[in-house]
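*Asks:* Sharing a structure with you now.
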Amino acid sequence: MRELELLYEGKSKQIYKTDSDDRVVIRFKDDTSAFYGIKRANIEQKGRITCDISSMVLEYLNANNINTHFIERVGDDGQLCRVVEHIPVEVIVRNVVAGSMAKRLGMDEGIIPENTIFDLVLRRSDLGDPLINDHHAVAIGLLSYDELAKMYEMSAAINNRLIELYEKAGITVVDFKIEFGRAADGTLVLADELSPDTCRLWDKETGERMDKDRFRRDLGRVRETYEEVAQRLHNVLK
């Protein structure tokens with residue numbers, strides 16, 4: 001599989017065309033940002049580490065009958081992935097109150113609700129990525145109600161698998177955000193990374209933050225903490 005020209009470059013990843021029409025290579029960058037790009041930094045080896053973590057998690061989900069775009073790892077910082085039709089809706093799955101939800105609703109971080117909370121976000125940076133509901137998504141023409149039901153079903157299954165995996169690593173899955181795409185046959189697949197950049201992860205014993213909040217909140221030791229997450233997953237999955 002030959003990697004060809006750059007198709008897209010975002011804040012943390014690059015997508016390259018390959019010599020196969022139904023495959024792309026996604027490269028993870030060392031760049032990181034927060035607050036809609038206002039805060040930026042380059043963290044040495046972050047691309048390699050986030051690729052490592054996301055590859056392990058996506059391979060784990062594939063092995064547990066959850067369809068993802070991930071095929072295999074390519075080098076230190078890349079993934080070979082299926083081409084999908086991207087759906088510009090983000091699902092946020094919340095097991096513990098934290099971050100924007102705590103601020104928006106005036107709640108204390110760390111509260112564990114009786115229910116799992118699912119938020120929908122329209123991926124439109126020009127609109128500030130607003131929260132939407134199911135009816136908005138259908139009215140805009142992004143998804144059908146049947147697809148929404150399947151997306152929630154898959155999100156719940158992903159959540160259960162992540163909790164199961166990270167429990168063995170001594171880590172609480174606080175929340176995470178994911179996006180989906182349609183495969184060539186129209187089926188929904190997870191089409192996103194799952195790493196400390198996109199998941200809130202807290203150490204079960206100490207409550208220490210092991211995710212991008214270390215960068216957002218100037219807690220330091222970002223790379224070292226990401227490396228610890230990767231090592232714990234390696235120990236669990238070896």
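Ordering of the structure tokens sets the chain letters (A, B, ...), residue numbers begin anew at 1 in every chain, and ligands are numbered from 1 in the order given.
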With the cut-off set at 7 Å and counting only C-alpha atoms, tabulate each residue of region 31-114 of chain A with an atom at most that distance from an atom of region 165-187 of chain A, showing the nearest atom pair and its distance in Å to one decimal, ordered by chain and increasing number, as a tab-separated table.
*Replies:*
```
residue	atom	partner	partner_atom	distance
A:Val84	CA	A:Ala183	CA	4.9
A:Glu85	CA	A:Arg182	CA	4.9
A:His86	CA	A:Gly181	CA	4.3
A:Ile87	CA	A:Gly181	CA	5.3
A:Val89	CA	A:Glu179	CA	6.3
A:Glu90	CA	A:Glu179	CA	4.9
A:Val91	CA	A:Ile178	CA	5.4
A:Ile92	CA	A:Lys177	CA	4.3
A:Val93	CA	A:Asp175	CA	5.4
A:Arg94	CA	A:Asp175	CA	4.3
A:Asn95	CA	A:Val174	CA	5.3
A:Val96	CA	A:Val174	CA	4.9
```
*Asks:* With 12 Å as the cut-off and only C-alpha atoms counted, what is the closest atom pair between each nearby residue of region 118-148 of chain A and region 25-41 of chain A? Distances in Å to one decimal, ordered by chain and number, as CSV.
*Replies:*
```
residue,atom,partner,partner_atom,distance
A:Arg124,CA,A:Tyr36,CA,11.6
A:Ser125,CA,A:Tyr36,CA,8.2
A:Asp126,CA,A:Tyr36,CA,10.6
A:Leu127,CA,A:Tyr36,CA,11.6
A:Gly128,CA,A:Tyr36,CA,8.6
A:Asp129,CA,A:Tyr36,CA,9.8
```
*Asks:* Could you save those same residues with all heavy atoms as a PDB file, in the first residue's frame?
*Replies:*
```pdb
ATOM      1  N   ARG A 124     -19.574  22.050  13.256  1.00  0.00           N
ATOM      2  CA  ARG A 124     -19.519  23.272  12.451  1.00  0.00           C
ATOM      3  C   ARG A 124     -18.773  24.325  13.264  1.00  0.00           C
ATOM      4  O   ARG A 124     -19.365  25.002  14.109  1.00  0.00           O
ATOM      5  CB  ARG A 124     -20.928  23.753  12.114  1.00  0.00           C
ATOM      6  CG  ARG A 124     -21.620  23.003  10.998  1.00  0.00           C
ATOM      7  CD  ARG A 124     -21.159  23.469   9.633  1.00  0.00           C
ATOM      8  NE  ARG A 124     -21.365  24.894   9.436  1.00  0.00           N
ATOM      9  CZ  ARG A 124     -22.480  25.455   8.959  1.00  0.00           C
ATOM     10  NH1 ARG A 124     -23.517  24.690   8.621  1.00  0.00           N
ATOM     11  NH2 ARG A 124     -22.579  26.758   8.793  1.00  0.00           N
ATOM     12  N   SER A 125     -17.472  24.431  13.009  1.00  0.00           N
ATOM     13  CA  SER A 125     -16.657  25.369  13.784  1.00  0.00           C
ATOM     14  C   SER A 125     -17.120  26.809  13.586  1.00  0.00           C
ATOM     15  O   SER A 125     -16.999  27.637  14.499  1.00  0.00           O
ATOM     16  CB  SER A 125     -15.183  25.229  13.416  1.00  0.00           C
ATOM     17  OG  SER A 125     -14.986  25.444  12.030  1.00  0.00           O
ATOM     18  N   ASP A 126     -17.683  27.123  12.403  1.00  0.00           N
ATOM     19  CA  ASP A 126     -18.164  28.484  12.162  1.00  0.00           C
ATOM     20  C   ASP A 126     -19.373  28.824  13.012  1.00  0.00           C
ATOM     21  O   ASP A 126     -19.695  29.995  13.213  1.00  0.00           O
ATOM     22  CB  ASP A 126     -18.483  28.679  10.677  1.00  0.00           C
ATOM     23  CG  ASP A 126     -19.541  27.709  10.169  1.00  0.00           C
ATOM     24  OD1 ASP A 126     -19.514  26.526  10.575  1.00  0.00           O
ATOM     25  OD2 ASP A 126     -20.395  28.128   9.366  1.00  0.00           O
ATOM     26  N   LEU A 127     -20.055  27.789  13.542  1.00  0.00           N
ATOM     27  CA  LEU A 127     -21.204  27.990  14.430  1.00  0.00           C
ATOM     28  C   LEU A 127     -20.857  27.703  15.888  1.00  0.00           C
ATOM     29  O   LEU A 127     -21.730  27.737  16.755  1.00  0.00           O
ATOM     30  CB  LEU A 127     -22.373  27.088  13.999  1.00  0.00           C
ATOM     31  CG  LEU A 127     -22.930  27.303  12.595  1.00  0.00           C
ATOM     32  CD1 LEU A 127     -24.027  26.287  12.304  1.00  0.00           C
ATOM     33  CD2 LEU A 127     -23.450  28.727  12.423  1.00  0.00           C
ATOM     34  N   GLY A 128     -19.582  27.394  16.147  1.00  0.00           N
ATOM     35  CA  GLY A 128     -19.165  27.082  17.516  1.00  0.00           C
ATOM     36  C   GLY A 128     -19.496  25.672  17.937  1.00  0.00           C
ATOM     37  O   GLY A 128     -19.607  25.397  19.135  1.00  0.00           O
ATOM     38  N   ASP A 129     -19.657  24.743  16.970  1.00  0.00           N
ATOM     39  CA  ASP A 129     -19.963  23.337  17.271  1.00  0.00           C
ATOM     40  C   ASP A 129     -21.116  23.227  18.276  1.00  0.00           C
ATOM     41  O   ASP A 129     -20.945  22.760  19.403  1.00  0.00           O
ATOM     42  CB  ASP A 129     -18.721  22.619  17.810  1.00  0.00           C
ATOM     43  CG  ASP A 129     -17.628  22.493  16.775  1.00  0.00           C
ATOM     44  OD1 ASP A 129     -17.940  22.513  15.568  1.00  0.00           O
ATOM     45  OD2 ASP A 129     -16.455  22.377  17.162  1.00  0.00           O
TER      46      ASP A 129
END
```
*Asks:* Please extract the residues of region 132-204 of chain A with a backbone DSSP assignment of strand (DSSP E or B) and present them as a PDB file with N, CA and C atoms, in the first residue's frame.
*Replies:*
```pdb
ATOM      1  N   ILE A 132     -26.958  19.794  19.494  1.00  0.00           N
ATOM      2  CA  ILE A 132     -28.215  19.618  18.775  1.00  0.00           C
ATOM      3  C   ILE A 132     -28.928  18.403  19.351  1.00  0.00           C
ATOM      4  N   ILE A 171      -8.150   2.604  35.316  1.00  0.00           N
ATOM      5  CA  ILE A 171      -8.515   3.938  34.823  1.00  0.00           C
ATOM      6  C   ILE A 171     -10.035   4.038  34.673  1.00  0.00           C
ATOM      7  N   THR A 172     -10.601   5.176  35.098  1.00  0.00           N
ATOM      8  CA  THR A 172     -12.027   5.461  34.935  1.00  0.00           C
ATOM      9  C   THR A 172     -12.258   6.188  33.616  1.00  0.00           C
ATOM     10  N   VAL A 173     -13.195   5.702  32.820  1.00  0.00           N
ATOM     11  CA  VAL A 173     -13.600   6.398  31.598  1.00  0.00           C
ATOM     12  C   VAL A 173     -14.669   7.418  31.992  1.00  0.00           C
ATOM     13  N   VAL A 174     -14.270   8.678  32.072  1.00  0.00           N
ATOM     14  CA  VAL A 174     -15.169   9.752  32.496  1.00  0.00           C
ATOM     15  C   VAL A 174     -16.119  10.116  31.362  1.00  0.00           C
ATOM     16  N   ASP A 175     -15.566  10.421  30.209  1.00  0.00           N
ATOM     17  CA  ASP A 175     -16.366  10.711  29.016  1.00  0.00           C
ATOM     18  C   ASP A 175     -15.480  10.572  27.787  1.00  0.00           C
ATOM     19  N   PHE A 176     -16.096  10.578  26.630  1.00  0.00           N
ATOM     20  CA  PHE A 176     -15.338  10.551  25.375  1.00  0.00           C
ATOM     21  C   PHE A 176     -16.217  11.064  24.246  1.00  0.00           C
ATOM     22  N   LYS A 177     -15.577  11.492  23.158  1.00  0.00           N
ATOM     23  CA  LYS A 177     -16.316  11.980  21.998  1.00  0.00           C
ATOM     24  C   LYS A 177     -15.894  11.187  20.768  1.00  0.00           C
ATOM     25  N   ILE A 178     -16.859  10.859  19.936  1.00  0.00           N
ATOM     26  CA  ILE A 178     -16.595  10.041  18.753  1.00  0.00           C
ATOM     27  C   ILE A 178     -17.437  10.528  17.586  1.00  0.00           C
ATOM     28  N   GLU A 179     -16.956  10.213  16.384  1.00  0.00           N
ATOM     29  CA  GLU A 179     -17.705  10.495  15.162  1.00  0.00           C
ATOM     30  C   GLU A 179     -17.835   9.214  14.349  1.00  0.00           C
ATOM     31  N   PHE A 180     -18.839   9.185  13.496  1.00  0.00           N
ATOM     32  CA  PHE A 180     -19.147   8.003  12.707  1.00  0.00           C
ATOM     33  C   PHE A 180     -19.110   8.329  11.217  1.00  0.00           C
ATOM     34  N   GLY A 181     -19.081   7.273  10.428  1.00  0.00           N
ATOM     35  CA  GLY A 181     -19.156   7.418   8.981  1.00  0.00           C
ATOM     36  C   GLY A 181     -19.940   6.268   8.384  1.00  0.00           C
ATOM     37  N   ARG A 182     -20.297   6.417   7.106  1.00  0.00           N
ATOM     38  CA  ARG A 182     -20.992   5.344   6.394  1.00  0.00           C
ATOM     39  C   ARG A 182     -19.996   4.619   5.511  1.00  0.00           C
ATOM     40  N   LEU A 188     -23.081   1.946   9.348  1.00  0.00           N
ATOM     41  CA  LEU A 188     -22.360   2.895  10.194  1.00  0.00           C
ATOM     42  C   LEU A 188     -21.126   2.239  10.793  1.00  0.00           C
ATOM     43  N   VAL A 189     -20.019   2.994  10.813  1.00  0.00           N
ATOM     44  CA  VAL A 189     -18.798   2.518  11.454  1.00  0.00           C
ATOM     45  C   VAL A 189     -18.225   3.660  12.284  1.00  0.00           C
ATOM     46  N   LEU A 190     -17.559   3.310  13.368  1.00  0.00           N
ATOM     47  CA  LEU A 190     -16.815   4.294  14.137  1.00  0.00           C
ATOM     48  C   LEU A 190     -15.670   4.799  13.270  1.00  0.00           C
ATOM     49  N   CYS A 199     -10.747  11.411  25.022  1.00  0.00           N
ATOM     50  CA  CYS A 199     -11.388  10.765  26.174  1.00  0.00           C
ATOM     51  C   CYS A 199     -10.905  11.419  27.465  1.00  0.00           C
ATOM     52  N   ARG A 200     -11.800  11.606  28.426  1.00  0.00           N
ATOM     53  CA  ARG A 200     -11.354  11.966  29.771  1.00  0.00           C
ATOM     54  C   ARG A 200     -11.111  10.673  30.546  1.00  0.00           C
ATOM     55  N   LEU A 201      -9.913  10.556  31.067  1.00  0.00           N
ATOM     56  CA  LEU A 201      -9.494   9.352  31.778  1.00  0.00           C
ATOM     57  C   LEU A 201      -8.908   9.754  33.125  1.00  0.00           C
ATOM     58  N   TRP A 202      -9.439   9.183  34.208  1.00  0.00           N
ATOM     59  CA  TRP A 202      -8.944   9.497  35.551  1.00  0.00           C
ATOM     60  C   TRP A 202      -8.407   8.231  36.211  1.00  0.00           C
ATOM     61  N   ASP A 203      -7.284   8.353  36.883  1.00  0.00           N
ATOM     62  CA  ASP A 203      -6.734   7.220  37.624  1.00  0.00           C
ATOM     63  C   ASP A 203      -7.725   6.807  38.708  1.00  0.00           C
TER      64      ASP A 203
END
```
*Asks:* Give me the residues within 8 Å of Ser195 (chain A) as a list in words, counting only C-alpha atoms and dropping any in the same chain fewer than 2 places off.
*Replies:*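 Returned residues: Thr50, Cys51, Ile53, Ser54, Glu193, Asp197, Thr198 and Cys199 of chain A.
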*Asks:* Would you mind listing what lies within 12 Å of Glu227 (chain A) as a list in words, with only C-alpha atoms counted and same-chain residues fewer than 4 positions away left out?
*Replies:*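 Using only C-alpha atoms, the neighbours found are Glu44, Gln45, Lys46, Gly47, Arg48, Ile49, Thr50, Cys51, Asp52, Ile53, Ser195, Pro196, Met210, Asp211, Arg221, Val222, Arg223, Gln231, Arg232, Leu233 and His234 of chain A.
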